[in-house]
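File shown: work.cif. Contents: mmCIF, C-alpha atoms and all ligand atoms.
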data_upload
loop_
_atom_site.label_atom_id
_atom_site.label_comp_id
_atom_site.auth_asym_id
_atom_site.auth_seq_id
_atom_site.Cartn_x
_atom_site.Cartn_y
_atom_site.Cartn_z
CA MET B 1 8.75 105.90 -6.04
CA GLN B 2 10.26 102.53 -5.18
CA ARG B 3 14.01 102.48 -4.64
CA GLN B 4 15.83 100.04 -6.87
CA LYS B 5 17.17 97.13 -4.89
CA LYS B 6 20.95 96.68 -4.72
CA LYS B 7 22.24 93.66 -6.56
CA VAL B 8 23.86 90.97 -4.43
CA THR B 9 25.73 88.16 -6.16
CA VAL B 10 26.59 85.09 -4.11
CA LEU B 11 29.11 82.49 -5.27
CA THR B 12 28.68 79.23 -3.37
CA GLY B 13 30.71 76.02 -3.22
CA ALA B 14 30.56 72.68 -1.49
CA GLY B 15 30.99 74.24 1.99
CA MET B 16 27.55 75.80 1.57
CA SER B 17 25.95 72.36 1.78
CA ALA B 18 28.41 70.72 4.20
CA GLU B 19 26.11 71.26 7.19
CA SER B 20 23.28 69.70 5.22
CA GLY B 21 25.32 66.49 5.27
CA LEU B 22 26.87 66.72 1.79
CA ARG B 23 30.61 66.14 1.74
CA THR B 24 32.95 68.75 0.31
CA PHE B 25 35.66 67.74 -2.15
CA ARG B 26 39.01 68.95 -0.83
CA ASP B 27 38.62 69.14 2.96
CA ALA B 28 39.92 66.30 5.15
CA GLY B 29 37.51 63.43 4.50
CA GLY B 30 36.35 65.14 1.28
CA LEU B 31 35.12 63.22 -1.74
CA TRP B 32 38.39 63.48 -3.67
CA GLU B 33 40.17 61.60 -0.88
CA ASN B 34 38.09 58.51 -1.65
CA TYR B 35 37.58 58.83 -5.38
CA SER B 36 39.88 59.76 -8.21
CA ILE B 37 38.73 62.67 -10.36
CA GLU B 38 40.20 60.90 -13.39
CA GLU B 39 38.11 57.79 -12.72
CA VAL B 40 34.71 59.36 -12.07
CA ALA B 41 34.52 62.96 -13.22
CA THR B 42 35.94 63.30 -16.75
CA PRO B 43 34.67 62.49 -20.26
CA MET B 44 37.48 59.91 -20.49
CA ALA B 45 36.18 58.17 -17.35
CA TRP B 46 32.73 58.01 -18.94
CA GLN B 47 34.21 56.41 -22.07
CA ARG B 48 36.32 53.96 -20.07
CA ASN B 49 33.96 52.88 -17.30
CA PRO B 50 30.49 54.44 -17.43
CA GLN B 51 29.24 52.12 -14.69
CA LEU B 52 31.76 53.52 -12.20
CA VAL B 53 30.77 57.07 -13.16
CA LEU B 54 27.07 56.28 -12.79
CA ASP B 55 27.70 54.63 -9.39
CA PHE B 56 29.51 57.74 -8.16
CA TYR B 57 26.77 60.13 -9.26
CA ASN B 58 23.96 57.80 -8.16
CA GLN B 59 25.38 58.06 -4.65
CA ARG B 60 25.60 61.85 -4.95
CA ARG B 61 21.93 61.96 -6.03
CA ARG B 62 20.82 59.72 -3.14
CA ASP B 63 22.70 61.94 -0.68
CA VAL B 64 21.11 65.10 -2.12
CA LEU B 65 17.62 63.64 -1.87
CA LYS B 66 18.21 62.92 1.84
CA ALA B 67 19.68 66.37 2.57
CA GLN B 68 17.78 69.45 3.73
CA PRO B 69 18.66 73.14 3.30
CA ASN B 70 20.55 74.55 6.30
CA GLU B 71 20.34 77.93 8.05
CA GLY B 72 22.80 79.37 5.53
CA HIS B 73 20.59 78.53 2.56
CA LYS B 74 17.60 79.95 4.44
CA ALA B 75 19.42 83.18 5.30
CA LEU B 76 20.08 83.85 1.60
CA VAL B 77 16.34 83.59 0.98
CA ARG B 78 15.67 86.26 3.65
CA LEU B 79 18.12 88.57 1.90
CA GLU B 80 15.71 88.77 -1.05
CA SER B 81 13.32 90.93 1.01
CA ALA B 82 15.67 93.91 0.57
CA TYR B 83 18.12 93.00 -2.21
CA GLU B 84 18.08 91.56 -5.70
CA VAL B 85 19.95 88.34 -4.98
CA THR B 86 21.44 86.03 -7.60
CA ILE B 87 23.20 82.88 -6.48
CA ILE B 88 25.87 81.30 -8.64
CA THR B 89 26.53 77.85 -7.28
CA GLN B 90 29.15 75.27 -8.11
CA ASN B 91 26.99 72.74 -6.28
CA ILE B 92 24.96 70.17 -8.15
CA ASP B 93 22.40 69.87 -5.35
CA ASP B 94 19.06 71.73 -5.31
CA LEU B 95 19.26 73.04 -1.74
CA HIS B 96 19.19 76.74 -2.69
CA GLU B 97 16.01 76.15 -4.70
CA ARG B 98 14.41 74.03 -1.97
CA ALA B 99 15.19 76.72 0.60
CA GLY B 100 13.30 79.16 -1.65
CA SER B 101 15.93 81.24 -3.45
CA SER B 102 14.48 82.60 -6.69
CA ARG B 103 17.52 83.13 -8.91
CA VAL B 104 20.03 80.27 -8.93
CA ILE B 105 22.61 79.66 -11.65
CA HIS B 106 24.20 76.19 -11.63
CA LEU B 107 27.72 76.40 -13.01
CA HIS B 108 28.50 72.69 -12.70
CA GLY B 109 25.08 71.25 -13.55
CA GLU B 110 22.33 69.61 -11.54
CA ILE B 111 22.36 66.05 -10.24
CA LEU B 112 18.56 65.81 -10.28
CA LYS B 113 18.62 66.03 -14.06
CA ALA B 114 19.80 63.55 -16.70
CA ARG B 115 20.92 64.56 -20.16
CA SER B 116 21.04 62.94 -23.58
CA THR B 117 24.50 62.02 -24.85
CA LYS B 118 23.31 62.73 -28.39
CA ASP B 119 21.66 66.12 -27.96
CA GLU B 120 22.65 68.06 -24.86
CA ARG B 121 19.48 70.16 -25.01
CA LEU B 122 17.46 67.07 -24.05
CA LEU B 123 17.16 67.20 -20.26
CA TYR B 124 15.03 65.07 -17.97
CA GLU B 125 14.12 65.43 -14.29
CA TRP B 126 15.83 62.43 -12.65
CA THR B 127 15.36 61.44 -9.01
CA THR B 128 16.26 57.73 -9.10
CA ASP B 129 19.47 55.87 -9.92
CA LEU B 130 20.61 56.25 -13.53
CA HIS B 131 21.47 52.92 -15.24
CA ILE B 132 23.25 51.77 -18.35
CA GLY B 133 20.40 51.38 -20.85
CA ASP B 134 18.41 54.43 -19.63
CA CYS B 135 17.99 56.31 -22.90
CA CYS B 136 16.72 59.65 -24.17
CA GLU B 137 13.90 59.86 -26.70
CA LEU B 138 16.49 59.63 -29.51
CA GLY B 139 17.65 56.29 -28.12
CA SER B 140 21.04 57.39 -26.77
CA GLN B 141 22.36 56.68 -23.28
CA LEU B 142 21.57 59.27 -20.60
CA ARG B 143 24.35 60.78 -18.48
CA PRO B 144 24.22 62.89 -15.33
CA HIS B 145 23.62 66.57 -16.12
CA VAL B 146 26.89 67.68 -14.54
CA VAL B 147 29.99 69.42 -15.87
CA TRP B 148 33.03 67.16 -15.76
CA PHE B 149 36.66 68.23 -15.65
CA TYR B 150 37.93 69.11 -19.18
CA GLU B 151 34.40 70.05 -20.28
CA PRO B 152 33.29 73.59 -21.10
CA VAL B 153 31.18 75.44 -18.52
CA PRO B 154 28.24 76.76 -20.55
CA MET B 155 26.91 79.08 -17.82
CA MET B 156 30.21 80.97 -17.39
CA GLU B 157 29.30 83.95 -19.57
CA VAL B 158 26.03 84.52 -17.80
CA ALA B 159 27.76 84.11 -14.44
CA GLU B 160 30.47 86.64 -15.36
CA ARG B 161 27.82 89.22 -16.25
CA VAL B 162 26.03 88.64 -12.94
CA VAL B 163 29.26 89.08 -10.97
CA ALA B 164 30.20 92.21 -12.96
CA ALA B 165 26.77 93.73 -12.21
CA ALA B 166 27.00 93.11 -8.46
CA ASP B 167 26.82 95.95 -5.90
CA ILE B 168 27.80 93.48 -3.19
CA PHE B 169 29.60 90.15 -3.66
CA ILE B 170 29.49 87.24 -1.20
CA ILE B 171 31.56 84.07 -1.48
CA VAL B 172 30.66 81.03 0.61
CA GLY B 173 32.40 77.68 1.13
CA THR B 174 34.61 77.31 -1.91
CA SER B 175 38.33 76.58 -2.03
CA LEU B 176 38.56 78.65 -5.26
CA GLN B 177 40.78 75.97 -6.77
CA VAL B 178 38.68 74.98 -9.75
CA TYR B 179 38.67 77.11 -12.89
CA PRO B 180 36.97 78.72 -14.65
CA ALA B 181 34.57 79.12 -11.68
CA ALA B 182 37.31 80.46 -9.37
CA GLY B 183 38.13 83.17 -11.95
CA LEU B 184 34.70 84.73 -11.39
CA ILE B 185 36.11 86.71 -8.46
CA TYR B 186 38.05 88.82 -10.98
CA ALA B 187 34.84 89.88 -12.71
CA ALA B 188 33.65 91.82 -9.64
CA ARG B 189 33.99 95.60 -9.71
CA PRO B 190 36.95 96.68 -7.51
CA ASN B 191 35.29 98.96 -4.97
CA ILE B 192 32.20 97.05 -3.98
CA PRO B 193 31.82 95.40 -0.54
CA LYS B 194 32.98 91.78 -0.67
CA TYR B 195 32.51 89.12 1.97
CA LEU B 196 33.79 85.60 2.34
CA VAL B 197 32.17 83.07 4.67
CA ASP B 198 34.36 80.02 5.26
CA PRO B 199 35.81 78.43 8.42
CA MET B 200 39.12 77.91 6.56
CA PRO B 201 39.24 80.72 4.00
CA PRO B 202 41.32 80.10 0.89
CA GLU B 203 44.29 82.35 0.19
CA SER B 204 44.44 84.57 -2.87
CA PRO B 205 45.93 88.02 -3.52
CA TRP B 206 42.50 89.06 -4.78
CA LEU B 207 41.08 88.57 -1.30
CA HIS B 208 42.98 91.57 0.17
CA ASP B 209 39.89 93.80 0.29
CA VAL B 210 37.46 91.07 1.30
CA GLN B 211 35.82 90.97 4.72
CA PHE B 212 36.25 87.50 6.18
CA LEU B 213 33.66 85.79 8.31
CA GLN B 214 35.63 82.81 9.49
CA GLU B 215 32.57 80.72 10.30
CA THR B 216 30.51 77.95 8.79
CA ALA B 217 27.76 78.82 6.33
CA SER B 218 24.94 78.06 8.77
CA ARG B 219 26.42 80.34 11.45
CA GLY B 220 28.11 83.06 9.38
CA LEU B 221 25.45 83.71 6.75
CA PRO B 222 22.55 84.44 9.13
CA LYS B 223 24.78 87.02 10.87
CA LEU B 224 25.89 88.62 7.61
CA VAL B 225 22.32 88.70 6.31
CA ASP B 226 21.02 90.31 9.54
CA GLN B 227 23.77 92.92 9.26
CA MET B 228 22.88 93.64 5.61
CA LEU B 229 19.15 93.85 6.32
CA ASN B 230 19.76 96.22 9.25
CA ALA B 231 21.87 98.43 7.00
CA GLN B 232 18.90 98.99 4.68
N1 LIG B 301 30.64 76.27 5.82
C1 LIG B 301 31.33 77.03 4.91
N2 LIG B 301 32.43 76.61 4.28
C2 LIG B 301 32.87 75.37 4.57
C3 LIG B 301 32.22 74.52 5.47
C4 LIG B 301 31.05 75.02 6.12
N3 LIG B 301 30.37 74.29 7.01
N4 LIG B 301 32.89 73.35 5.52
C5 LIG B 301 33.92 73.46 4.66
N5 LIG B 301 33.92 74.68 4.08
C6 LIG B 301 34.83 75.23 3.06
C7 LIG B 301 36.23 74.70 3.09
O1 LIG B 301 37.03 75.41 4.04
C8 LIG B 301 36.68 74.93 1.64
O2 LIG B 301 37.21 76.25 1.47
O3 LIG B 301 34.32 74.85 1.80
C9 LIG B 301 35.37 74.80 0.86
C10 LIG B 301 35.22 73.51 0.08
O4 LIG B 301 36.13 73.46 -0.98
P1 LIG B 301 36.06 72.29 -2.08
O5 LIG B 301 35.87 70.99 -1.40
O6 LIG B 301 37.24 72.45 -2.95
O7 LIG B 301 34.69 72.60 -2.87
P2 LIG B 301 34.44 73.60 -4.07
O8 LIG B 301 35.32 74.81 -3.98
O9 LIG B 301 32.98 73.81 -4.16
O10 LIG B 301 34.91 72.72 -5.32
C11 LIG B 301 34.76 73.25 -6.61
O11 LIG B 301 35.42 71.15 -7.50
O12 LIG B 301 35.47 68.86 -7.80
C12 LIG B 301 34.86 70.00 -8.10
O13 LIG B 301 32.94 70.11 -9.33
C13 LIG B 301 33.37 70.08 -7.99
O14 LIG B 301 32.03 72.09 -7.85
C14 LIG B 301 33.14 71.41 -7.31
C15 LIG B 301 34.43 72.15 -7.57
#
Serialized structure, structure tokens:
Amino acid sequence: MQRQKKKVTVLTGAGMSAESGLRTFRDAGGLWENYSIEEVATPMAWQRNPQLVLDFYNQRRRDVLKAQPNEGHKALVRLESAYEVTIITQNIDDLHERAGSSRVIHLHGEILKARSTKDERLLYEWTTDLHIGDCCELGSQLRPHVVWFYEPVPMMEVAERVVAAADIFIIVGTSLQVYPAAGLIYAARPNIPKYLVDPMPPESPWLHDVQFLQETASRGLPKLVDQMLNAQ
């Protein structure tokens, strides 16, 4: 009889893709040093100056298309040989998918998709710049398929269930400053093994029983994955 695989839930943030060349948001030199959240990442910004918003996300899309998965993304794929792995990412890039991970939940949307502003179910694969005048089949302007500040996070409920079901929880490269995503850590069962991979781990009382790997994703994750595969 086949043993049921343990469930591993991985919560990733911008640090996961930093070594693929994608800038984080809140580190020194991060995106929010050069751009104002209020000007490019809110529904009000979109109302006020859609061109500026499109410019910001067009650059993000171009950067993602140039980037490649790093050794951290690849290590999480290897983990699937012995565990049931679900990745919950705050990242809008597709690097987990391109590395080969099979279950990826995007909390904050996907930059390689555009969405109707009239009917949010209308999604389109989008790999070029998005312009004013690019419309959905209903004739309304398309917007990047990303979650802006002050918008609901439709995948939260699913993500909470996945964290609550975890036998092992891994957090990688997130400052845990943005809610509701950061609140996911409280959905994990108390006595399961928890790991955090980050060269500058965030502080939180919740992290008292977490094992820290104070390393970058591309160095720390392969080690953690080897350790977990050897333990099987
Ligand atoms: N490997 C692992 N972690 C790293 C690396 C690396 N190479 N480089 C930086 N980090 C860590 C930082 O120490 C920090 O803890 O990644 C984290 C990045 O934090 P943020 O920039 O705040 O990114 P994130 O937590 O993903 O932001 C959440 O904020 O603006 C929004 O929507 C955006 O999804 C994003 C959300």
Report task. Might you pull out every residue within 12 Å of region 61-67 of chain B, with only C-alpha atoms counted and same-chain residues fewer than 3 positions away left off, and present them as a PyMOL selection string? Result -> chain B and resi 17-23+54-58+70+91-96+98-99+110-114+125-130+144-146
Output the selection as a PDB file, in the frame of the given file - C-alpha atoms for each residue.
ATOM      1  CA  SER B  17      25.950  72.360   1.780  1.00  0.00           C
ATOM      2  CA  ALA B  18      28.410  70.720   4.200  1.00  0.00           C
ATOM      3  CA  GLU B  19      26.110  71.260   7.190  1.00  0.00           C
ATOM      4  CA  SER B  20      23.280  69.700   5.220  1.00  0.00           C
ATOM      5  CA  GLY B  21      25.320  66.490   5.270  1.00  0.00           C
ATOM      6  CA  LEU B  22      26.870  66.720   1.790  1.00  0.00           C
ATOM      7  CA  ARG B  23      30.610  66.140   1.740  1.00  0.00           C
ATOM      8  CA  LEU B  54      27.070  56.280 -12.790  1.00  0.00           C
ATOM      9  CA  ASP B  55      27.700  54.630  -9.390  1.00  0.00           C
ATOM     10  CA  PHE B  56      29.510  57.740  -8.160  1.00  0.00           C
ATOM     11  CA  TYR B  57      26.770  60.130  -9.260  1.00  0.00           C
ATOM     12  CA  ASN B  58      23.960  57.800  -8.160  1.00  0.00           C
ATOM     13  CA  ASN B  70      20.550  74.550   6.300  1.00  0.00           C
ATOM     14  CA  ASN B  91      26.990  72.740  -6.280  1.00  0.00           C
ATOM     15  CA  ILE B  92      24.960  70.170  -8.150  1.00  0.00           C
ATOM     16  CA  ASP B  93      22.400  69.870  -5.350  1.00  0.00           C
ATOM     17  CA  ASP B  94      19.060  71.730  -5.310  1.00  0.00           C
ATOM     18  CA  LEU B  95      19.260  73.040  -1.740  1.00  0.00           C
ATOM     19  CA  HIS B  96      19.190  76.740  -2.690  1.00  0.00           C
ATOM     20  CA  ARG B  98      14.410  74.030  -1.970  1.00  0.00           C
ATOM     21  CA  ALA B  99      15.190  76.720   0.600  1.00  0.00           C
ATOM     22  CA  GLU B 110      22.330  69.610 -11.540  1.00  0.00           C
ATOM     23  CA  ILE B 111      22.360  66.050 -10.240  1.00  0.00           C
ATOM     24  CA  LEU B 112      18.560  65.810 -10.280  1.00  0.00           C
ATOM     25  CA  LYS B 113      18.620  66.030 -14.060  1.00  0.00           C
ATOM     26  CA  ALA B 114      19.800  63.550 -16.700  1.00  0.00           C
ATOM     27  CA  GLU B 125      14.120  65.430 -14.290  1.00  0.00           C
ATOM     28  CA  TRP B 126      15.830  62.430 -12.650  1.00  0.00           C
ATOM     29  CA  THR B 127      15.360  61.440  -9.010  1.00  0.00           C
ATOM     30  CA  THR B 128      16.260  57.730  -9.100  1.00  0.00           C
ATOM     31  CA  ASP B 129      19.470  55.870  -9.920  1.00  0.00           C
ATOM     32  CA  LEU B 130      20.610  56.250 -13.530  1.00  0.00           C
ATOM     33  CA  PRO B 144      24.220  62.890 -15.330  1.00  0.00           C
ATOM     34  CA  HIS B 145      23.620  66.570 -16.120  1.00  0.00           C
ATOM     35  CA  VAL B 146      26.890  67.680 -14.540  1.00  0.00           C
TER      36      VAL B 146
END
Padded axis-aligned box of region 100-111 of chain B (8 Å per side), centre and edge lengths, Å, one decimal, as lines of an AutoDock Vina configuration file:
center_x = 20.9
center_y = 74.6
center_z = -7.6
size_x = 31.2
size_y = 33.1
size_z = 27.9
Query raised in the report: Can you tell me, as a list in words, what residues are no more than 10 Å from Gly100 (chain B) when counting only C-alpha atoms, ignoring any on the same chain fewer than 4 positions away?
Result: Pro69, His73, Lys74, Leu76, Val77, Arg78, Glu80, Leu95, His96 and Val104 of chain B
Query raised in the report: Skipping near chain neighbours, those fewer than 6 positions away, what residues fall within 12 Å of Gln47 (chain B) using all atoms listed in the file, listed as a VMD selection string?
Result: chain B and resid 38 to 41 53 to 54 117 141 143
Report task. Determine, counting all atoms listed in the file, which protein, DNA and RNA residues have an atom within 9 Å of an atom of Ala166 (chain B); residues of the same chain fewer than 3 positions away are not included. Present the result as a PyMOL selection string. Result -> chain B and resi 6-9+161-163+169+188-189+192
**Report entry** Of the listed residues B:Gln68, B:Ser116, B:Thr12, B:Ser218, that which approaches Ile88 (chain B) most closely, counting all atoms listed in the file
**Finding:**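 Distance minimum relative to Ile88 (chain B) lands on B:Thr12.
Among the candidates B:Leu52, B:Ala182, B:Leu229, B:Leu221, the residue lying nearest to His131 (chain B) is B:Leu52 (atoms considered: all atoms listed in the file).
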Requested in this report: Could you tell me, counting all atoms listed in the file, which protein and nucleic acid residues lie no more than 6 Å from ligand LIG 301 (chain B), written as a PyMOL selection string?
Outcome: chain B and resi 13-16+18-19+24-27+90-91+172-176+178+198-202+216-217
Query raised in the report: Which value, in Å to one decimal, gives the distance between CA of Asp226 (chain B) and CA of Pro190 (chain B)?
Result: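 CA of Pro190 (chain B) lies at a distance of 24.2 Å from CA of Asp226 (chain B).
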Query raised in the report: Between CA of His106 (chain B) and CA of Ile87 (chain B), what is the distance, to one decimal in Å?
Result: 8.5 Å
Query - Test item: residues at most 10 Å from Pro43 (chain B), all atoms listed in the file, excluding those fewer than 6 positions along its chain, as number ranges by chain - result: B: 50, 53, 147-151
Report task. Identify which of the residues B:Gln4, B:Met44, B:Met228, B:Pro205 lies closest to Pro193 (chain B), counting all atoms listed in the file when measuring atom-to-atom distances. Result ->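 Closest candidate: B:Met228.
You can rank B:Gly29, B:Gly109, B:Gly220, B:Gly133 by their closest distance to Gln51 (chain B) using only C-alpha atoms, and at the top of that list sits B:Gly133.
The coordinates place CA of Ala82 (chain B) at 10.0 Å from CA of Ala231 (chain B).
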Query raised in the report: Nearest to Ala187 (chain B) among B:Leu224, B:Ala159, B:Leu207, B:Ala28, with distances taken over only C-alpha atoms: which residue is it?
Result: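 Ranking B:Leu224, B:Ala159, B:Leu207, B:Ala28 by distance to Ala187 (chain B), first place goes to B:Ala159.
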Would you fill the gaps in region 67-77 of chain B so it has all heavy atoms, then print it as a CSV table (one decimal), keeping the file's coordinate frame?
chain,number,residue,atom,x,y,z
B,67,ALA,N,19.2,65.1,1.9
B,67,ALA,CA,19.7,66.4,2.6
B,67,ALA,C,18.6,67.4,2.6
B,67,ALA,O,17.6,67.4,1.8
B,67,ALA,CB,20.9,66.9,1.8
B,68,GLN,N,18.7,68.3,3.6
B,68,GLN,CA,17.8,69.4,3.7
B,68,GLN,C,18.6,70.8,3.7
B,68,GLN,O,19.7,70.8,4.2
B,68,GLN,CB,17.0,69.4,5.1
B,68,GLN,CG,16.2,68.1,5.3
B,68,GLN,CD,15.0,68.1,4.2
B,68,GLN,OE1,14.5,69.1,3.8
B,68,GLN,NE2,14.6,66.9,3.8
B,69,PRO,N,18.0,71.8,3.2
B,69,PRO,CA,18.7,73.1,3.3
B,69,PRO,C,19.0,73.5,4.7
B,69,PRO,O,18.3,73.1,5.7
B,69,PRO,CB,17.6,74.1,2.8
B,69,PRO,CG,16.6,73.3,2.0
B,69,PRO,CD,16.6,71.9,2.6
B,70,ASN,N,20.2,74.1,4.9
B,70,ASN,CA,20.6,74.6,6.3
B,70,ASN,C,20.3,76.0,6.5
B,70,ASN,O,19.8,76.7,5.6
B,70,ASN,CB,22.0,74.2,6.6
B,70,ASN,CG,23.0,74.9,5.6
B,70,ASN,OD1,22.9,76.1,5.5
B,70,ASN,ND2,23.9,74.2,5.0
B,71,GLU,N,20.6,76.5,7.7
B,71,GLU,CA,20.3,77.9,8.0
B,71,GLU,C,21.0,78.9,7.1
B,71,GLU,O,20.6,80.1,7.0
B,71,GLU,CB,20.7,78.2,9.5
B,71,GLU,CG,19.9,77.5,10.5
B,71,GLU,CD,18.4,77.7,10.4
B,71,GLU,OE1,18.0,78.8,10.2
B,71,GLU,OE2,17.6,76.7,10.4
B,72,GLY,N,22.1,78.5,6.5
B,72,GLY,CA,22.8,79.4,5.5
B,72,GLY,C,22.0,79.5,4.3
B,72,GLY,O,21.8,80.7,3.8
B,73,HIS,N,21.5,78.4,3.7
B,73,HIS,CA,20.6,78.5,2.6
B,73,HIS,C,19.4,79.4,2.9
B,73,HIS,O,19.0,80.3,2.1
B,73,HIS,CB,20.0,77.1,2.2
B,73,HIS,CG,21.1,76.2,1.7
B,73,HIS,ND1,21.6,75.1,2.5
B,73,HIS,CD2,21.7,76.0,0.5
B,73,HIS,CE1,22.5,74.4,1.8
B,73,HIS,NE2,22.6,74.9,0.6
B,74,LYS,N,18.8,79.2,4.1
B,74,LYS,CA,17.6,80.0,4.4
B,74,LYS,C,17.9,81.4,4.6
B,74,LYS,O,17.1,82.3,4.2
B,74,LYS,CB,17.0,79.4,5.7
B,74,LYS,CG,16.4,78.0,5.6
B,74,LYS,CD,15.9,77.5,6.9
B,74,LYS,CE,15.7,76.0,6.8
B,74,LYS,NZ,15.5,75.4,8.2
B,75,ALA,N,19.1,81.8,5.1
B,75,ALA,CA,19.4,83.2,5.3
B,75,ALA,C,19.5,83.9,3.9
B,75,ALA,O,19.0,85.0,3.8
B,75,ALA,CB,20.8,83.3,6.0
B,76,LEU,N,20.0,83.2,2.9
B,76,LEU,CA,20.1,83.8,1.6
B,76,LEU,C,18.7,84.1,1.0
B,76,LEU,O,18.5,85.1,0.2
B,76,LEU,CB,20.9,83.0,0.6
B,76,LEU,CG,22.4,82.9,1.0
B,76,LEU,CD1,23.1,81.9,0.0
B,76,LEU,CD2,23.0,84.3,0.9
B,77,VAL,N,17.7,83.3,1.4
B,77,VAL,CA,16.3,83.6,1.0
B,77,VAL,C,15.8,84.9,1.6
B,77,VAL,O,15.2,85.7,1.0
B,77,VAL,CB,15.4,82.4,1.3
B,77,VAL,CG1,14.0,82.6,0.9
B,77,VAL,CG2,16.0,81.1,0.7
